[in-house]
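J.: Here you go, one structure.
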Amino acid sequence: MMQHVDLRVANLDCEHDASRLRRGLAQTPGIEVVRISSSAAKVRLAFDEERTSRETVESRLAEIGFPVSAERGRPPAVRPWNNPKVITSVLAGLLLLLAWIASLVDLPEGLSTGGYLLAVLIGGFYFGREAIQDLLFERRIGIELLMGVAAIVAFALRQAGESAMLVFLYSISEALEGYTEEKTRSAIKALMDLTPKRATVRRDGRQIEIPVEELQVGDVFLVRPGEAVPTDGKVLSGRSSVNQAPVTGESVPVEKEAGSSVFAGSINGEGALDVRAEKTFAENTISRIIEMVEEAQEKKGQSQRFIERFGAWYSPAVLVIGVSLGILSPLLLDAEWLTALTRATVFIVAAAPCALVISIPITLVASLGTGARMGVLIKGGIHVEQLANVTVVALDKTGTITRGQPDVTDVVSGDEAAFPNNVLLSVAAAIEASSQHPLARAIVRRSEADGIASASVEDFRSITGAGATARYQGTIVYIGKPEFFERELHADLGQIAGTITRLQAEGKTVVLLGEKARAWGLIAVRDNVRANAREAVRALRDAGVKKVVMLTGDNALAARVIADEVGVNEVFADLKPEDKVTKVRELTDKHGRVAMVGDGVNDAPALAQAAVGVAMGAAGTDVALETADVALMADDLEKLVYALRLAKRTQKIVTQNLVLSVVVTAVLVVGALMGSFSLPVAVIGHELSELFVIVNGLRMLKS
Ligand SMILES: Nc1ncnc2c1ncn2[C@@H]1O[C@H](COP(=O)(O)OP(=O)(O)OP(=O)(O)O)[C@@H](O)[C@H]1O
Ligand SMILES: [Zn+2]
């Protein structure tokens, strides 16, 4: 049996480390690498249980230099002085400085040259090793090789100081890049630190403290006032307001009582809560969020993939051109050797695409992390691109535009003598007790509130997009939309027909109860529009969305009233779930990219059809969290606007970065070819553009 494990390991910082790990395990029988995520410092391995054990796997990883990090689930802390690349680079800088001082004062020249050489060797150790490994094992010419060649040639041309400076600046920018990436990632990991290390559980009538990693589903734990919630669960008893900003990004605390869900990392207010764990620590919502943000970095957008493909042939091309420049121009054009070689070196440094290569990833990590902190989970660069360019936003009605908590407003009987209101409610509630639909819950709630005893029914069956049916006193009874009664049951609506239209015109959803060919009466339900829906729709338009439309399974008349209330101008009503898919496709054909927003459970097919599927209120609904492209953790339309703006802002910074890096590289290359730049100018210009790109990208850390 092949067994899969996910392990978080140390020293896995970049693609190079990833390939070193892959090579290290290639010679180990019984272990296969399934996936390596350097951005998450995680590996997924498959191992043959008959041949190896998990312990062997772990010790093998340690042998090849990637020990499994101590705290499972919790990512390790980031410290610059723990990073060998930072240390070697700083050391190279110091040596460079000393050697330079030595060259100024009257010390033998050999001393400063020796210092420069040491700086080159130490500062160039890591990227030099990566360059060689890339070349030998992956047959790839990368930026590291370009820089290494340039440094060696410069040194050979007796420009030792320039060579050392190149090595120092390149290594420090590499280290800085790695460090900032780590740092931005740790902004997300900071979420994890909000979860406590230990939980107080009740076992056998006693309270004991255990590490949160040992919490089991079903454990009852205690959350005291002011404490953080250790893992997701359902409140058993107690009452308190809980700040769940770390998970959902909502700033206002939410009231919790018996039956409410709480999420790990939320901060408890004044009351004490007894909570039954529904997730282990590793599986809880916040752990899933962190994992998804990490995985998101691997779902690259089109532009990023293009740049990576481009980089694969660009760097070798630079090397080939540089070498021919240095060798051919003296041979063929009679140029001076020293000038030609220097020029070639300057060219190689000038043309290296560092800034270009990091401009997208650095911006994305920052942006995705910021989104996650604000309760907006975007599952990859590709979705950021799509979301930024959306022209149509399609909103589902129930639960998206409306609150999804309807109330029964009217009960009208078609035949008072045979079916008085309490009989209607009692039969309706009996059928709806088996249904998950928000309407059903409203009806059950109303009948309970009125103290009506539920009738007894059997053979419940749900009719998707129309209603439900069951057998009551031997008769097949239906509950559902009026259109269903007319079209499918050929029911005579009799005197209630007029009432139906009147109630629908008030924005109410009308459902009928009755048997084949005869409606007994109606129940009207009203679901209020979300408080901020109108502003959100306007904000979407302000943000550049051309069309905001509403999709609903409800009746057109009622839907129109709701749409007018929130300022949506186009409504598509009476849609079955599969019609919503068709509608999304039509909208895409006609107007371009569609973002479909729904609850992610009933609307999953429509969300999947859209360019971007957005699930609202995803915290606590695993399906929504897993399937949507963008998950809004809070049940709040404002977050949709935020997500759109975040995506647009990200795209803008990415564009700035791309333009800048291309322009700077072009200027440097032209200058290098014309011989107007010296090596230090090229190196500094190059590193400055890289620094700009990093700093610009990090602006996305701001929410
Ligand atoms: N269990 C039910 N009881 C009564 N009526 C129902 C039930 N299920 C569906 N219906 C009827 O079918 C219609 C469409 O239901 P559907 O679930 O497709 O859409 P919805 O979720 O109500 O609305 P939206 O599409 O805006 O989310 C409802 O408006 C209602 O009239
Ligand atoms: Zn560079």
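By order of appearance in the structure tokens: chains A, B, ..., then residues from 1 within every chain, and ligands from 1 in the order shown.
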Neighbours of segment 537-549 of chain A within 9 Å (only C-alpha atoms; same-chain residues fewer than 5 positions away dropped), as a ChimeraX atom specification?

T.: /A:389-396,532,563,566-572,591,637-638,640-641,644-645,648

J.: Would you mind listing what lies within 9 Å of segment 350-360 of chain A as number ranges by chain, with only C-alpha atoms counted and same-chain residues fewer than 2 positions away left out?

T.: A: 143, 146-147, 177, 303-304, 307-308, 311, 314-315, 318, 345-348, 362-365, 381, 653-662, 664-672, 679, 682-683, 685-687, 689-694, 696-697

J.: In segment 72-134 of chain A, what's helix (DSSP H, G or I) per DSSP? Answer as number ranges by chain?

T.: A: 80-82, 84-104, 109-123, 125-134

J.: Take the residues from that selection and write them out as a tab-separated table (two decimals), in the first residue's frame, keeping C-alpha atoms.

T.:
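The resulting file, part17.tsv, is reproduced below:
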```
chain	number	residue	atom	x	y	z
A	80	PRO	CA	17.00	36.67	9.07
A	81	TRP	CA	19.97	35.47	11.11
A	82	ASN	CA	18.80	31.89	10.75
A	84	PRO	CA	22.59	31.10	5.75
A	85	LYS	CA	22.12	33.13	2.58
A	86	VAL	CA	21.77	36.30	4.61
A	87	ILE	CA	24.83	35.45	6.68
A	88	THR	CA	27.14	34.72	3.73
A	89	SER	CA	25.95	37.80	1.95
A	90	VAL	CA	26.57	40.08	4.93
A	91	LEU	CA	29.99	38.50	5.39
A	92	ALA	CA	30.81	39.18	1.75
A	93	GLY	CA	29.76	42.79	2.25
A	94	LEU	CA	32.09	43.18	5.24
A	95	LEU	CA	35.01	41.67	3.35
A	96	LEU	CA	34.28	43.93	0.41
A	97	LEU	CA	34.38	46.95	2.70
A	98	LEU	CA	37.63	45.88	4.38
A	99	ALA	CA	39.31	45.13	1.07
A	100	TRP	CA	38.21	48.46	-0.29
A	101	ILE	CA	39.64	50.29	2.74
A	102	ALA	CA	42.85	48.30	2.32
A	103	SER	CA	43.06	49.47	-1.28
A	104	LEU	CA	42.73	53.09	-0.20
A	109	GLU	CA	47.73	45.24	-3.32
A	110	GLY	CA	47.62	41.52	-2.72
A	111	LEU	CA	45.81	42.13	0.54
A	112	SER	CA	42.85	43.91	-0.98
A	113	THR	CA	42.70	41.52	-3.94
A	114	GLY	CA	42.69	38.66	-1.47
A	115	GLY	CA	39.84	40.30	0.43
A	116	TYR	CA	37.84	40.73	-2.76
A	117	LEU	CA	38.48	37.13	-3.71
A	118	LEU	CA	37.25	35.95	-0.33
A	119	ALA	CA	34.16	38.13	-0.70
A	120	VAL	CA	33.43	36.59	-4.09
A	121	LEU	CA	33.92	33.05	-2.83
A	122	ILE	CA	31.79	33.45	0.27
A	123	GLY	CA	29.08	35.66	-1.22
A	125	PHE	CA	28.81	30.18	-2.54
A	126	TYR	CA	25.05	29.61	-2.56
A	127	PHE	CA	24.11	31.02	-5.92
A	128	GLY	CA	27.25	29.53	-7.44
A	129	ARG	CA	26.25	26.13	-6.17
A	130	GLU	CA	22.73	26.64	-7.51
A	131	ALA	CA	24.10	27.69	-10.90
A	132	ILE	CA	26.21	24.55	-11.16
A	133	GLN	CA	23.47	22.25	-9.95
A	134	ASP	CA	20.98	23.78	-12.38
```

J.: Would you write out, as a Markdown table, a table of all residues in chain A that have an atom no more than 6 Å from an atom of ligand 1, listing for each the closest atom pair and the distance in Å to one decimal, considering only C-alpha atoms and all ligand atoms and ordering rows by chain and rising residue number?

T.:
```
| residue | atom | partner | partner_atom_place_in_ligand_line | distance |
| --- | --- | --- | --- | --- |
| A:Asp396 | CA | ligand 1 | 26 (O) | 5.1 |
| A:Lys397 | CA | ligand 1 | 26 (O) | 3.5 |
| A:Thr398 | CA | ligand 1 | 26 (O) | 3.9 |
| A:Glu432 | CA | ligand 1 | 1 (N) | 5.9 |
| A:Ser435 | CA | ligand 1 | 1 (N) | 5.4 |
| A:His437 | CA | ligand 1 | 1 (N) | 5.1 |
| A:Leu439 | CA | ligand 1 | 3 (N) | 5.8 |
| A:Ala440 | CA | ligand 1 | 1 (N) | 5.0 |
| A:Gly465 | CA | ligand 1 | 18 (O) | 3.4 |
| A:Ala466 | CA | ligand 1 | 12 (O) | 3.7 |
| A:Gly467 | CA | ligand 1 | 7 (C) | 3.5 |
| A:Ala468 | CA | ligand 1 | 1 (N) | 5.3 |
| A:Ile479 | CA | ligand 1 | 4 (C) | 5.3 |
| A:Gly480 | CA | ligand 1 | 5 (N) | 3.7 |
| A:Lys481 | CA | ligand 1 | 31 (O) | 3.9 |
| A:Val511 | CA | ligand 1 | 31 (O) | 5.4 |
| A:Thr552 | CA | ligand 1 | 25 (O) | 3.3 |
| A:Gly553 | CA | ligand 1 | 19 (O) | 3.7 |
| A:Asp554 | CA | ligand 1 | 29 (O) | 3.6 |
| A:Lys576 | CA | ligand 1 | 18 (O) | 5.2 |
| A:Pro577 | CA | ligand 1 | 18 (O) | 5.9 |
```

J.: How many Å lie between atom CA of Pro330 of chain A and atom CA of Arg158 of chain A, rounded to one decimal?

T.: 18.7 Å

J.: Using only C-alpha atoms, determine which residues lie at most 12 Å from Ser59 of chain A, disregarding the query and same-chain residues fewer than 5 positions distant; provide the list as a PyMOL selection string.

T.: chain A and resi 9+25+28+52-54+64-69

J.: Next, the residues of the selection above should be written as a PDB file, in the first residue's frame with C-alpha atoms.

T.:
```
ATOM      1  CA  VAL A   9      10.529  20.532   6.298  1.00  0.00           C
ATOM      2  CA  LEU A  25      15.057  11.232  -2.680  1.00  0.00           C
ATOM      3  CA  THR A  28      15.768   6.174  -2.094  1.00  0.00           C
ATOM      4  CA  THR A  52       9.524   1.780   4.576  1.00  0.00           C
ATOM      5  CA  SER A  53       8.000   3.349   7.614  1.00  0.00           C
ATOM      6  CA  ARG A  54       7.173   6.944   8.251  1.00  0.00           C
ATOM      7  CA  ILE A  64      19.668  14.810   2.819  1.00  0.00           C
ATOM      8  CA  GLY A  65      19.421  18.083   4.704  1.00  0.00           C
ATOM      9  CA  PHE A  66      15.673  18.623   5.015  1.00  0.00           C
ATOM     10  CA  PRO A  67      14.702  17.683   8.555  1.00  0.00           C
ATOM     11  CA  VAL A  68      10.986  17.683   9.317  1.00  0.00           C
ATOM     12  CA  SER A  69      10.258  20.846  11.267  1.00  0.00           C
TER      13      SER A  69
END
```

J.: Find the residues near Arg585 of chain A: any atom within 12 Å, counting only C-alpha atoms, skip ones fewer than 2 places away on the same chain, and give them as a ChimeraX atom specification.

T.: /A:392,394,578-583,587-596,605-611

J.: With only C-alpha atoms and all ligand atoms as the basis for distance, which of A:Ala366, A:Ala533, A:Leu169, A:Ala245 is at the shortest distance from ligand 2?

T.: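 So, comparing all the options, the nearest one is A:Leu169.
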
J.: Any idea what the distance is between atom CA of Arg202 of chain A and atom CA of Asp622 of chain A?

T.: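 These two atoms are separated by 26.7 Å.
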
J.: Using atom CA of Gly238 of chain A and atom CA of Val275 of chain A as the two end points, give the distance in Å to one decimal.

T.: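 Straight-line distance from atom CA of Gly238 of chain A to atom CA of Val275 of chain A works out to 8.9 Å.
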
J.: As a list in words, please: the residues near Glu336 of chain A (cut-off 12 Å, only C-alpha atoms, same-chain neighbours under 6 positions excluded).

T.: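 The neighbour list is Leu325, Gly326, Ile327, Leu328, Ser329, Pro330, Thr342 and Arg343 of chain A.
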
J.: Save out the residues we just selected, N, CA and C atoms, as a short mmCIF file (atom, residue, chain, number, x, y, z; two decimals), in the first residue's frame.

T.:
```cif
data_model
loop_
_atom_site.label_atom_id
_atom_site.label_comp_id
_atom_site.auth_asym_id
_atom_site.auth_seq_id
_atom_site.Cartn_x
_atom_site.Cartn_y
_atom_site.Cartn_z
N LEU A 325 29.76 38.15 -27.95
CA LEU A 325 30.20 39.54 -27.93
C LEU A 325 31.66 39.63 -27.48
N GLY A 326 31.94 38.88 -26.39
CA GLY A 326 33.28 38.97 -25.81
C GLY A 326 34.34 38.30 -26.66
N ILE A 327 33.95 37.24 -27.40
CA ILE A 327 34.96 36.48 -28.13
C ILE A 327 34.98 36.83 -29.61
N LEU A 328 33.77 36.98 -30.17
CA LEU A 328 33.73 37.18 -31.62
C LEU A 328 34.13 38.58 -32.05
N SER A 329 33.73 39.58 -31.23
CA SER A 329 34.03 40.93 -31.71
C SER A 329 35.53 41.23 -31.78
N PRO A 330 36.36 40.71 -30.87
CA PRO A 330 37.80 40.91 -31.08
C PRO A 330 38.31 40.14 -32.29
N THR A 342 34.95 43.27 -21.25
CA THR A 342 34.28 44.07 -20.23
C THR A 342 32.85 44.37 -20.67
N ARG A 343 32.73 44.77 -21.91
CA ARG A 343 31.42 45.11 -22.44
C ARG A 343 30.47 43.91 -22.36
#
```

J.: Do a neighbour search on Leu512 of chain A at 10 Å with only C-alpha atoms, toss out local chain neighbours closer than 3 positions, and write the hits as an MDAnalysis selection string.

T.: chainID A and resid 411:413 424 428 467 478:485 493 496 500 515 518:524
